[in-house]
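Novice: Input upload-v2.txt, format and content: compact mmCIF, C-alpha atoms and all ligand atoms.
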# COMPACT_ATOMS: atom_id res chain seq x y z
CA MET A 291 -2.38 -97.69 4.39
CA PRO A 292 -0.74 -95.03 6.61
CA HIS A 293 2.50 -93.65 5.25
CA ARG A 294 5.74 -94.75 6.78
CA ALA A 295 7.36 -92.82 9.61
CA GLY A 296 9.35 -89.78 8.57
CA ARG A 297 12.56 -91.43 9.66
CA LEU A 298 12.04 -94.18 7.08
CA LEU A 299 10.87 -91.87 4.36
CA GLN A 300 14.18 -90.04 4.64
CA THR A 301 16.13 -93.30 4.35
CA GLU A 302 17.45 -94.71 1.13
CA ASP A 303 18.94 -98.16 0.72
CA TYR A 304 21.78 -96.98 -1.44
CA LEU A 305 23.99 -100.07 -1.32
CA PHE A 306 21.18 -102.31 -2.33
CA SER A 307 20.40 -100.59 -5.60
CA PHE A 308 23.59 -102.16 -6.99
CA ILE A 309 22.83 -105.53 -5.50
CA ASP A 310 19.28 -105.45 -6.90
CA ARG A 311 20.62 -104.54 -10.33
CA SER A 312 23.07 -107.43 -10.09
CA ARG A 313 20.24 -109.84 -9.25
CA ALA A 314 18.24 -108.58 -12.20
CA LEU A 315 21.23 -109.21 -14.49
CA ALA A 316 21.66 -112.69 -12.99
CA ASP A 317 18.06 -113.51 -13.93
CA GLN A 318 18.52 -112.41 -17.53
CA ALA A 319 20.18 -114.35 -20.30
CA GLY A 320 23.97 -113.94 -20.47
CA LEU A 321 26.69 -114.00 -17.88
CA ALA A 322 25.52 -113.83 -14.26
CA PRO A 323 27.63 -111.27 -12.35
CA VAL A 324 30.47 -112.56 -10.13
CA PRO A 325 29.39 -111.44 -6.65
CA LEU A 326 32.28 -109.52 -5.09
CA GLY A 327 29.99 -106.93 -3.51
CA VAL A 328 28.62 -108.09 -0.19
CA GLY A 329 30.86 -109.18 2.70
CA ASP A 330 28.96 -112.36 3.47
CA CYS A 331 31.39 -115.11 4.49
CA ASP A 332 31.02 -117.92 1.96
CA LEU A 333 32.73 -120.68 3.96
CA PRO A 334 30.88 -122.95 6.40
CA THR A 335 31.13 -122.59 10.16
CA PRO A 336 33.90 -124.97 11.32
CA PRO A 337 32.73 -128.49 12.30
CA HIS A 338 33.71 -128.30 15.98
CA ILE A 339 31.43 -125.29 16.45
CA VAL A 340 28.56 -126.93 14.56
CA GLU A 341 29.08 -130.04 16.70
CA ALA A 342 28.89 -127.97 19.94
CA MET A 343 25.59 -126.56 18.65
CA ARG A 344 24.28 -130.02 17.71
CA ARG A 345 24.86 -131.26 21.26
CA ALA A 346 23.54 -128.09 22.90
CA VAL A 347 20.31 -128.00 20.94
CA GLN A 348 19.33 -131.31 22.55
CA ALA A 349 19.50 -129.91 26.08
CA PRO A 350 15.97 -128.86 27.13
CA GLU A 351 17.23 -126.40 29.73
CA LEU A 352 18.76 -124.36 26.89
CA HIS A 353 15.37 -123.99 25.19
CA ARG A 354 14.21 -121.41 27.71
CA TYR A 355 14.82 -117.66 27.58
CA PRO A 356 18.54 -117.03 28.12
CA PRO A 357 19.75 -114.46 30.70
CA TYR A 358 19.41 -110.92 29.33
CA ALA A 359 23.11 -110.18 29.52
CA GLY A 360 23.99 -113.53 27.94
CA THR A 361 25.08 -116.77 29.59
CA ALA A 362 27.76 -116.52 32.26
CA GLU A 363 29.82 -119.08 30.29
CA LEU A 364 29.87 -116.94 27.15
CA ARG A 365 30.59 -113.72 29.04
CA THR A 366 33.47 -115.48 30.80
CA ALA A 367 34.78 -116.88 27.50
CA ALA A 368 34.53 -113.40 25.97
CA ALA A 369 36.43 -111.89 28.93
CA SER A 370 39.18 -114.54 28.51
CA PHE A 371 39.35 -113.81 24.77
CA LEU A 372 39.80 -110.07 25.40
CA LEU A 373 42.53 -110.76 27.95
CA ARG A 374 44.37 -113.34 25.83
CA ARG A 375 44.12 -111.46 22.55
CA PHE A 376 44.44 -107.80 23.64
CA GLY A 377 45.50 -107.84 27.28
CA VAL A 378 42.17 -106.11 28.07
CA ARG A 379 40.48 -106.83 31.39
CA ALA A 380 36.68 -106.70 31.32
CA GLU A 381 34.48 -107.91 34.18
CA ALA A 382 32.19 -110.65 32.86
CA ASP A 383 29.37 -109.47 35.16
CA SER A 384 29.37 -105.75 34.55
CA GLU A 385 31.50 -104.88 31.53
CA LEU A 386 30.30 -107.49 29.04
CA LEU A 387 27.05 -108.12 27.24
CA VAL A 388 26.18 -110.83 24.73
CA THR A 389 24.58 -109.42 21.57
CA LEU A 390 22.68 -110.72 18.53
CA GLY A 391 25.66 -110.27 16.23
CA SER A 392 27.03 -106.75 16.45
CA LYS A 393 24.71 -104.84 14.11
CA GLU A 394 21.70 -104.72 16.40
CA ALA A 395 23.82 -103.74 19.38
CA MET A 396 25.43 -100.88 17.51
CA ALA A 397 22.00 -99.69 16.44
CA HIS A 398 20.67 -99.94 19.98
CA LEU A 399 23.58 -97.97 21.42
CA ALA A 400 22.13 -94.94 19.63
CA LEU A 401 18.77 -95.51 21.35
CA ALA A 402 20.56 -95.63 24.68
CA TYR A 403 22.40 -92.33 24.29
CA VAL A 404 21.23 -90.14 21.44
CA ASP A 405 18.54 -87.48 21.85
CA PRO A 406 17.27 -85.23 19.06
CA GLY A 407 19.78 -82.46 18.40
CA ASP A 408 22.78 -84.35 19.83
CA VAL A 409 25.80 -84.67 17.61
CA VAL A 410 27.11 -88.08 16.56
CA LEU A 411 30.55 -88.24 14.93
CA VAL A 412 30.59 -90.77 12.10
CA PRO A 413 33.58 -91.53 9.89
CA ASP A 414 33.25 -90.99 6.16
CA PRO A 415 33.24 -93.55 4.58
CA ALA A 416 31.75 -95.97 7.13
CA TYR A 417 29.48 -98.97 7.67
CA PRO A 418 26.04 -97.35 7.22
CA VAL A 419 24.46 -98.45 10.53
CA TYR A 420 26.23 -95.78 12.61
CA GLU A 421 24.79 -92.91 10.61
CA ARG A 422 21.39 -94.44 9.98
CA TRP A 423 20.64 -94.99 13.65
CA ALA A 424 22.00 -91.63 14.70
CA ARG A 425 19.50 -90.13 12.27
CA PHE A 426 16.68 -92.40 13.44
CA CYS A 427 17.27 -90.90 16.90
CA GLY A 428 17.15 -87.34 15.53
CA ALA A 429 20.87 -86.62 15.86
CA GLU A 430 22.89 -84.18 13.85
CA VAL A 431 25.47 -86.37 12.13
CA VAL A 432 28.90 -84.84 11.63
CA ARG A 433 30.97 -86.87 9.18
CA VAL A 434 34.65 -87.16 9.99
CA PRO A 435 36.71 -87.71 6.82
CA LEU A 436 38.94 -90.78 6.54
CA ARG A 437 41.59 -89.82 4.01
CA GLU A 438 44.00 -92.16 2.31
CA GLU A 439 46.93 -89.80 2.98
CA ASN A 440 46.13 -90.07 6.70
CA GLY A 441 46.02 -93.88 6.66
CA PHE A 442 42.20 -93.68 6.71
CA LEU A 443 42.33 -92.46 10.31
CA PRO A 444 40.25 -89.46 11.47
CA ASP A 445 42.15 -86.22 12.00
CA LEU A 446 41.05 -85.42 15.54
CA ALA A 447 42.47 -81.90 15.41
CA ALA A 448 40.24 -81.09 12.42
CA ILE A 449 36.97 -81.90 14.21
CA PRO A 450 35.09 -78.61 14.68
CA ALA A 451 35.13 -77.49 18.34
CA ASP A 452 31.35 -77.05 18.41
CA ALA A 453 30.77 -80.60 17.11
CA ALA A 454 33.20 -82.02 19.67
CA ARG A 455 31.45 -80.10 22.44
CA ARG A 456 27.99 -81.35 21.47
CA ALA A 457 28.92 -84.91 20.48
CA LYS A 458 27.61 -87.86 22.45
CA LEU A 459 29.07 -90.72 20.37
CA PHE A 460 32.12 -91.09 18.18
CA TRP A 461 32.10 -94.16 15.94
CA VAL A 462 35.28 -95.82 14.78
CA CYS A 463 35.86 -99.13 13.00
CA TYR A 464 39.28 -100.80 12.84
CA PRO A 465 40.18 -102.95 11.04
CA ASN A 466 38.16 -100.73 8.76
CA ASN A 467 35.32 -101.52 6.44
CA PRO A 468 35.45 -100.37 3.63
CA THR A 469 39.13 -99.33 3.43
CA GLY A 470 40.89 -102.33 5.01
CA ALA A 471 43.00 -99.91 7.11
CA LEU A 472 44.29 -100.54 10.63
CA ALA A 473 44.39 -98.21 13.62
CA THR A 474 47.61 -97.68 15.51
CA ARG A 475 47.81 -97.84 19.30
CA GLU A 476 48.89 -94.18 19.20
CA PHE A 477 45.70 -93.22 17.39
CA PHE A 478 43.55 -95.15 19.86
CA ALA A 479 45.35 -93.45 22.77
CA ALA A 480 44.74 -90.01 21.23
CA LEU A 481 41.10 -90.92 20.59
CA ALA A 482 40.55 -91.93 24.23
CA GLN A 483 42.15 -88.67 25.35
CA PHE A 484 39.93 -86.67 22.96
CA ALA A 485 36.81 -88.52 24.17
CA LEU A 486 37.64 -87.98 27.84
CA GLU A 487 38.34 -84.28 27.26
CA HIS A 488 35.02 -83.76 25.46
CA ASP A 489 32.89 -86.24 27.42
CA ILE A 490 32.12 -88.39 24.38
CA ILE A 491 31.51 -92.14 24.24
CA VAL A 492 33.76 -93.93 21.77
CA ALA A 493 31.86 -96.70 20.03
CA SER A 494 34.45 -99.00 18.51
CA ASP A 495 33.40 -101.55 15.92
CA ALA A 496 35.87 -104.46 16.04
CA ALA A 497 33.94 -106.87 13.81
CA TYR A 498 37.08 -107.54 11.71
CA SER A 499 39.65 -107.77 14.51
CA GLU A 500 40.65 -111.33 13.57
CA ILE A 501 40.87 -110.90 9.79
CA TYR A 502 44.35 -109.48 9.10
CA TYR A 503 47.30 -110.14 6.80
CA ASP A 504 51.07 -109.99 7.11
CA CYS A 505 50.96 -107.67 10.12
CA ALA A 506 50.80 -107.88 13.90
CA PRO A 507 47.34 -108.68 15.29
CA PRO A 508 45.32 -105.42 15.25
CA PRO A 509 44.86 -103.68 18.61
CA SER A 510 41.58 -103.08 20.44
CA PHE A 511 40.47 -99.57 21.35
CA LEU A 512 39.98 -100.88 24.89
CA GLU A 513 43.77 -101.27 25.23
CA ALA A 514 44.16 -97.47 25.20
CA PRO A 515 44.73 -95.69 28.53
CA GLY A 516 41.36 -94.38 29.76
CA ALA A 517 39.37 -96.36 27.17
CA MET A 518 37.36 -98.25 29.79
CA GLN A 519 36.20 -94.86 31.13
CA CYS A 520 34.80 -93.68 27.83
CA GLY A 521 34.39 -96.56 25.42
CA ILE A 522 32.43 -99.57 24.34
CA GLU A 523 33.63 -102.04 21.74
CA PHE A 524 31.57 -104.37 19.59
CA HIS A 525 32.93 -107.81 18.78
CA SER A 526 31.32 -110.32 16.50
CA LEU A 527 31.72 -114.02 15.86
CA SER A 528 30.37 -113.54 12.33
CA LYS A 529 33.63 -112.91 10.52
CA ALA A 530 36.28 -114.57 12.71
CA TYR A 531 34.50 -117.93 12.89
CA ASN A 532 32.33 -117.83 9.78
CA MET A 533 29.15 -117.51 11.79
CA PRO A 534 27.28 -114.58 10.18
CA GLY A 535 23.95 -116.39 10.21
CA TRP A 536 24.16 -117.37 13.87
CA ARG A 537 23.77 -113.82 15.14
CA VAL A 538 26.09 -113.76 18.10
CA GLY A 539 28.64 -111.26 19.33
CA PHE A 540 29.44 -109.28 22.44
CA ALA A 541 29.92 -105.72 23.61
CA ALA A 542 32.58 -104.85 26.16
CA GLY A 543 33.60 -101.64 27.85
CA ASN A 544 32.57 -99.05 30.36
CA ALA A 545 30.09 -100.59 32.84
CA ALA A 546 27.60 -97.70 32.67
CA VAL A 547 27.52 -97.79 28.86
CA VAL A 548 27.21 -101.57 28.80
CA ASP A 549 24.37 -101.28 31.30
CA ALA A 550 22.53 -98.64 29.24
CA LEU A 551 22.76 -100.88 26.19
CA ARG A 552 21.58 -103.86 28.25
CA MET A 553 18.58 -101.83 29.36
CA VAL A 554 17.52 -100.96 25.79
CA LYS A 555 17.93 -104.62 24.85
CA THR A 556 15.81 -105.89 27.75
CA HIS A 557 12.98 -103.88 26.19
CA THR A 558 13.73 -105.12 22.69
CA ASP A 559 14.95 -108.72 22.40
CA SER A 560 15.33 -111.67 24.68
CA GLY A 561 18.82 -112.70 23.76
CA THR A 562 20.60 -115.18 21.51
CA PHE A 563 19.39 -118.79 21.76
CA ALA A 564 21.40 -120.37 24.60
CA ALA A 565 22.49 -123.27 22.38
CA ILE A 566 24.08 -120.74 20.00
CA GLN A 567 25.81 -119.14 22.99
CA HIS A 568 27.17 -122.61 23.79
CA ALA A 569 28.55 -122.88 20.28
CA ALA A 570 30.02 -119.37 20.63
CA VAL A 571 31.95 -120.56 23.71
CA ALA A 572 33.37 -123.38 21.56
CA ALA A 573 34.42 -120.73 19.00
CA LEU A 574 36.07 -118.34 21.48
CA THR A 575 37.93 -121.16 23.22
CA ASP A 576 39.09 -122.62 19.87
CA THR A 577 42.18 -124.80 20.14
CA THR A 578 42.09 -126.04 16.53
CA GLY A 579 43.85 -122.99 15.08
CA TYR A 580 40.78 -122.16 13.00
CA PRO A 581 41.15 -118.33 12.85
CA GLU A 582 44.72 -118.75 11.51
CA ARG A 583 43.54 -121.15 8.80
CA LEU A 584 40.76 -118.75 7.86
CA ARG A 585 43.23 -115.87 7.61
CA ALA A 586 45.44 -118.02 5.36
CA THR A 587 42.46 -118.64 3.06
CA TYR A 588 41.55 -114.97 2.83
CA ARG A 589 45.22 -113.98 2.43
CA ALA A 590 45.61 -116.29 -0.58
CA ARG A 591 42.34 -115.04 -2.11
CA MET A 592 43.29 -111.42 -1.52
CA ARG A 593 46.67 -111.91 -3.24
CA LEU A 594 44.96 -113.55 -6.19
CA LEU A 595 42.49 -110.69 -6.51
CA CYS A 596 44.94 -107.83 -5.99
CA ASP A 597 47.67 -109.35 -8.22
CA GLY A 598 45.09 -110.09 -10.92
CA LEU A 599 43.51 -106.63 -10.86
CA GLU A 600 46.92 -104.97 -10.90
CA ARG A 601 47.82 -106.99 -13.98
CA THR A 602 44.76 -105.50 -15.69
CA GLY A 603 46.22 -102.06 -15.02
CA LEU A 604 43.88 -101.09 -12.19
CA ASP A 605 45.16 -99.31 -9.11
CA VAL A 606 44.53 -101.48 -6.04
CA LEU A 607 44.90 -100.51 -2.37
CA ARG A 608 46.12 -103.74 -0.78
CA PRO A 609 44.45 -103.99 2.62
CA SER A 610 46.21 -104.84 5.88
CA ALA A 611 43.06 -106.42 7.20
CA THR A 612 39.38 -107.27 6.54
CA PHE A 613 38.22 -109.20 3.50
CA TYR A 614 37.72 -106.01 1.46
CA CYS A 615 39.99 -104.12 -0.88
CA LEU A 616 39.50 -100.77 -2.54
CA VAL A 617 40.27 -100.14 -6.19
CA ARG A 618 40.82 -96.58 -7.38
CA THR A 619 38.42 -95.44 -10.04
CA PRO A 620 40.21 -94.89 -13.38
CA PRO A 621 40.46 -91.29 -14.63
CA GLY A 622 37.18 -89.94 -15.93
CA TYR A 623 34.93 -92.17 -13.80
CA SER A 624 33.01 -91.51 -10.62
CA SER A 625 32.87 -94.44 -8.15
CA GLU A 626 29.34 -95.12 -9.18
CA ALA A 627 30.04 -94.98 -12.92
CA PHE A 628 33.02 -97.33 -12.47
CA ALA A 629 30.99 -99.82 -10.40
CA LYS A 630 28.22 -99.63 -12.99
CA ARG A 631 30.62 -100.48 -15.81
CA LEU A 632 32.17 -103.28 -13.74
CA LEU A 633 28.69 -104.68 -13.26
CA GLU A 634 27.24 -104.19 -16.72
CA ASP A 635 30.27 -104.68 -18.96
CA ALA A 636 32.60 -106.90 -16.89
CA ARG A 637 29.72 -108.58 -15.02
CA VAL A 638 31.44 -108.24 -11.65
CA LEU A 639 29.43 -106.94 -8.71
CA THR A 640 31.35 -104.43 -6.59
CA ILE A 641 30.10 -101.66 -4.31
CA PRO A 642 30.91 -98.02 -5.10
CA ALA A 643 32.61 -96.81 -1.92
CA THR A 644 30.29 -93.79 -2.00
CA GLY A 645 27.68 -96.24 -0.65
CA PHE A 646 29.55 -95.74 2.66
CA GLY A 647 29.50 -91.95 2.43
CA ALA A 648 30.62 -89.22 0.07
CA GLY A 649 34.17 -89.74 1.37
CA GLY A 650 34.26 -93.01 -0.57
CA GLU A 651 34.36 -91.11 -3.88
CA GLY A 652 37.26 -92.32 -5.96
CA TYR A 653 37.07 -95.99 -4.99
CA VAL A 654 35.02 -99.15 -5.38
CA ARG A 655 35.05 -101.94 -2.81
CA LEU A 656 35.50 -105.62 -3.61
CA THR A 657 35.35 -108.56 -1.22
CA VAL A 658 37.11 -111.92 -1.23
CA CYS A 659 34.11 -113.73 0.22
CA ALA A 660 34.19 -115.85 -2.90
CA ASP A 661 36.30 -118.87 -3.83
CA THR A 662 39.39 -118.73 -6.01
CA THR A 663 37.54 -119.91 -9.13
CA LEU A 664 35.16 -116.97 -8.86
CA ILE A 665 37.99 -114.52 -8.16
CA GLU A 666 39.94 -115.78 -11.20
CA GLU A 667 36.81 -115.46 -13.31
CA ALA A 668 36.25 -111.90 -12.05
CA VAL A 669 39.82 -110.93 -12.94
CA ARG A 670 39.45 -112.49 -16.41
CA ARG A 671 36.28 -110.51 -17.00
CA VAL A 672 37.75 -107.22 -15.77
CA ALA A 673 40.78 -107.78 -18.04
CA GLY A 674 38.44 -107.95 -21.01
CA VAL A 675 37.15 -104.40 -20.53
CA ALA A 676 39.05 -101.29 -21.58
CA TRP A 677 38.77 -98.38 -19.11
N1 LIG B 1 30.58 -103.92 11.45
C1 LIG B 1 31.01 -103.90 10.20
C2 LIG B 1 32.04 -102.90 9.82
C3 LIG B 1 30.47 -104.78 9.24
O1 LIG B 1 30.92 -104.73 7.99
C4 LIG B 1 29.47 -105.68 9.64
C5 LIG B 1 28.85 -106.60 8.67
O2 LIG B 1 29.18 -106.71 7.53
C6 LIG B 1 29.05 -105.66 10.96
C7 LIG B 1 29.63 -104.77 11.85
C8 LIG B 1 27.92 -106.52 11.46
O3 LIG B 1 28.22 -107.83 11.60
P1 LIG B 1 27.37 -108.77 12.55
O4 LIG B 1 26.08 -108.10 12.89
O5 LIG B 1 27.18 -110.01 11.76
O6 LIG B 1 28.20 -108.96 13.78
Go ahead and express the file in the form of structure tokens.

Specialist:
Amino acid sequence: MPHRAGRLLQTEDYLFSFIDRSRALADQAGLAPVPLGVGDCDLPTPPHIVEAMRRAVQAPELHRYPPYAGTAELRTAAASFLLRRFGVRAEADSELLVTLGSKEAMAHLALAYVDPGDVVLVPDPAYPVYERWARFCGAEVVRVPLREENGFLPDLAAIPADAARRAKLFWVCYPNNPTGALATREFFAALAQFALEHDIIVASDAAYSEIYYDCAPPPSFLEAPGAMQCGIEFHSLSKAYNMPGWRVGFAAGNAAVVDALRMVKTHTDSGTFAAIQHAAVAALTDTTGYPERLRATYRARMRLLCDGLERTGLDVLRPSATFYCLVRTPPGYSSEAFAKRLLEDARVLTIPATGFGAGGEGYVRLTVCADTTLIEEAVRRVAGVAW
């Protein structure tokens, strides 16, 4: 058997070591861990979307290969969503592309732009895909710290001049996984300015744009002046409509960047099943108030979790958005040691935030993709352990 490519040999699946350990514990006698680690929406896709799929799957014309850029109906629905929700105008024909969820598209953006030796700016901590694919393409990854005292926003002035000069891509993610932080419009405006000055593409991950609590709806990077000249934003139906298994999302932004991504994808996949795209139109044109009901569910779960953990004496960072919250590691613990004790002694699966980069040291991440009974049980178990 030939050995794997160098790019894979250098890759470690850090996050999964905890999840694997949790599975092993679940298979043993004793308490199975409460899974508050992975952000996999536990609720079903709403019935009106499932019904749109049920009808669409019976239409033979939808069984063929879909158009590479996605169906015109879904691109138009996505353009209307961007306008309605953010006031952003994107041309359905040239500035929008349907994607297989957002993960593959974010990965493929690196293939479209990154050559060996280029710099890619990646926040620290961050969703691992940005860094992994930059490295797969031979880039030099420069991590940009997200610090709590700075609202988990990058300090643009602290980015080394040489890195800014050589950078091709700058990844950002707001609402942010893993910190739950929001970006301000002022930050997005400064980021667009920075990107235009240094000729960098801003790759904005907006997967959590619709999951927010007790605050104004989070902005899109594309609202910023000049953003359509330098940016692309990735939207996903996974979180907002409980459709993670359906694999559908869209990318919107600068026409040349959207086109480069489309080109990589024409050589890679043949699009999301057209019946799923039909269902995605039903989601984006929702008139049932579903996203608000979903937010209410997560808000109630998040309060339960944060209130409960605070009662146990832990230090919780209540998020403004996303279904994640960070908990500070108690004195004397590293993130990993704390997550290990939570798993082995409290039997609660969390993710050490260092799984998202060294900048996550000092925190573990928990999700509320679990019902209230499980959250109450997790809190009870954590309360039984002395830190
Ligand atoms: N971006 C972030 C920050 C995520 O946490 C995830 C998934 O958890 C994704 C993107 C990918 O979601 P999908 O590929 O389902 O759109």

Novice: Can you work out which one of A:Gly377, A:Pro418, A:Pro350, A:Gly622 has the shortest atom-to-atom distance to ligand LIG 1 (chain B), counting all atoms listed in the file?

Specialist: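 Looking only at the distances to ligand LIG 1 (chain B), the closest residue turns out to be A:Pro418.
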
Novice: Per residue of chain A within 7 Å of ligand LIG 1 (chain B), what are the shortest atom pair and its distance in Å to one decimal, counting all atoms listed in the file, with rows by chain and residue number, as a tab-separated table?

Specialist:
residue	atom	partner	partner_atom	distance
A:Gly329	CA	B:LIG1	O2	5.7
A:Asp330	CA	B:LIG1	O2	7.0
A:Gly391	CA	B:LIG1	O6	3.8
A:Ser392	CA	B:LIG1	O6	3.7
A:Lys393	CA	B:LIG1	O4	3.7
A:Glu394	CA	B:LIG1	O4	6.6
A:Tyr417	CA	B:LIG1	C2	5.2
A:Cys463	CA	B:LIG1	C2	6.2
A:Asn466	CA	B:LIG1	C2	6.6
A:Asn467	CA	B:LIG1	C2	4.9
A:Asp495	CA	B:LIG1	N1	5.8
A:Ala497	CA	B:LIG1	N1	5.1
A:His525	CA	B:LIG1	O6	7.0
A:Ser526	CA	B:LIG1	O6	4.4
A:Leu527	CA	B:LIG1	O6	6.5
A:Ser528	CA	B:LIG1	O5	4.8
A:Pro534	CA	B:LIG1	O5	4.8
A:Arg537	CA	B:LIG1	O5	6.1
A:Val538	CA	B:LIG1	O6	6.8
A:Gly539	CA	B:LIG1	O6	6.0

Novice: Between atom CA of A:Val404 and atom CA of A:Leu459, what is the distance in Å, rounded to a tenth?

Specialist: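 Straight-line distance from atom CA of A:Val404 to atom CA of A:Leu459 works out to 7.9 Å.
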
Novice: Using all atoms listed in the file, find the one residue out of A:Ala530, A:Ala448, A:Leu595, A:Leu486 that sits nearest to A:Ala573.

Specialist: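 Once distances to A:Ala573 are computed over all atoms listed in the file, the minimum belongs to A:Ala530.
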
Novice: So the first atom is atom CA of A:Arg311 and the second is atom CA of A:Leu326; what is the distance between them in Å, to one decimal place?

Specialist: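 Atom-to-atom, atom CA of A:Arg311 to atom CA of A:Leu326, that is 13.7 Å.
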
Novice: Would you mind telling me which residue in A:Tyr358, A:Arg297, A:Thr657, A:Ala451 lies nearest to A:His557 when using only C-alpha atoms?

Specialist: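 When distances to A:His557 are compared using only C-alpha atoms, the smallest one comes from A:Tyr358.
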
Novice: Of the candidates A:Arg601, A:Thr619, A:Ile566, A:Tyr653, which shows the shortest atom-to-atom distance to A:Ile339, using only C-alpha atoms?

Specialist: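 Checking each candidate against A:Ile339, we get A:Ile566 as the closest.
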
Novice: Quick one: distance from atom CA of A:Ala367 to atom CA of A:Val571 in Å, one decimal?

Specialist: 6.0 Å

Novice: Using all atoms listed in the file, pick whichever of A:Glu381, A:Asp549, A:Glu667, A:Glu430 has the shortest atom-to-atom distance to A:Gly598.

Specialist: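 So, comparing all the options, the nearest one is A:Glu667.
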
Novice: Determine the nearest neighbour of A:Glu666 from the options A:Leu604, A:Ile309, A:Met592, A:Leu633, counting only C-alpha atoms.

Specialist: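 Going through A:Leu604, A:Ile309, A:Met592, A:Leu633 one by one, the smallest distance to A:Glu666 is for A:Met592.
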
Novice: Show which residues sit within 12 Å of A:Tyr623, as a list in words. Count only C-alpha atoms, and ignore same-chain residues fewer than 5 positions away.

Specialist: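 Neighbouring residues, sequence-local ones excluded: Arg618, Phe628, Ala629, Lys630, Arg631, Leu632, Pro642, Glu651, Gly652, Tyr653, Val654 and Trp677 of chain A.
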
Novice: Taking (30.2, -125.2, 13.3) as a centre in this file's frame and 12 Å as the limit, can you find every polymer residue with an atom that close, using only C-alpha atoms, and give them as a PDB file with C-alpha atoms, in the frame of the given file?

Specialist:
ATOM      1  CA  LEU A 333      32.730-120.680   3.960  1.00  0.00           C
ATOM      2  CA  PRO A 334      30.880-122.950   6.400  1.00  0.00           C
ATOM      3  CA  THR A 335      31.130-122.590  10.160  1.00  0.00           C
ATOM      4  CA  PRO A 336      33.900-124.970  11.320  1.00  0.00           C
ATOM      5  CA  PRO A 337      32.730-128.490  12.300  1.00  0.00           C
ATOM      6  CA  HIS A 338      33.710-128.300  15.980  1.00  0.00           C
ATOM      7  CA  ILE A 339      31.430-125.290  16.450  1.00  0.00           C
ATOM      8  CA  VAL A 340      28.560-126.930  14.560  1.00  0.00           C
ATOM      9  CA  GLU A 341      29.080-130.040  16.700  1.00  0.00           C
ATOM     10  CA  ALA A 342      28.890-127.970  19.940  1.00  0.00           C
ATOM     11  CA  MET A 343      25.590-126.560  18.650  1.00  0.00           C
ATOM     12  CA  ARG A 344      24.280-130.020  17.710  1.00  0.00           C
ATOM     13  CA  ARG A 345      24.860-131.260  21.260  1.00  0.00           C
ATOM     14  CA  LEU A 527      31.720-114.020  15.860  1.00  0.00           C
ATOM     15  CA  SER A 528      30.370-113.540  12.330  1.00  0.00           C
ATOM     16  CA  TYR A 531      34.500-117.930  12.890  1.00  0.00           C
ATOM     17  CA  ASN A 532      32.330-117.830   9.780  1.00  0.00           C
ATOM     18  CA  MET A 533      29.150-117.510  11.790  1.00  0.00           C
ATOM     19  CA  PRO A 534      27.280-114.580  10.180  1.00  0.00           C
ATOM     20  CA  GLY A 535      23.950-116.390  10.210  1.00  0.00           C
ATOM     21  CA  TRP A 536      24.160-117.370  13.870  1.00  0.00           C
ATOM     22  CA  ILE A 566      24.080-120.740  20.000  1.00  0.00           C
ATOM     23  CA  HIS A 568      27.170-122.610  23.790  1.00  0.00           C
ATOM     24  CA  ALA A 569      28.550-122.880  20.280  1.00  0.00           C
ATOM     25  CA  ALA A 570      30.020-119.370  20.630  1.00  0.00           C
ATOM     26  CA  VAL A 571      31.950-120.560  23.710  1.00  0.00           C
ATOM     27  CA  ALA A 572      33.370-123.380  21.560  1.00  0.00           C
ATOM     28  CA  ALA A 573      34.420-120.730  19.000  1.00  0.00           C
ATOM     29  CA  ASP A 576      39.090-122.620  19.870  1.00  0.00           C
ATOM     30  CA  TYR A 580      40.780-122.160  13.000  1.00  0.00           C
TER      31      TYR A 580
END

Novice: Step by step: start from the point (34.0, -99.8, 35.1) in the file's coordinates, keep every protein, DNA or RNA residue that has an atom no farther than 7 Å from it, count only C-alpha atoms, and write the set as a ChimeraX atom specification.

Specialist: /A:385,518-519,544-545
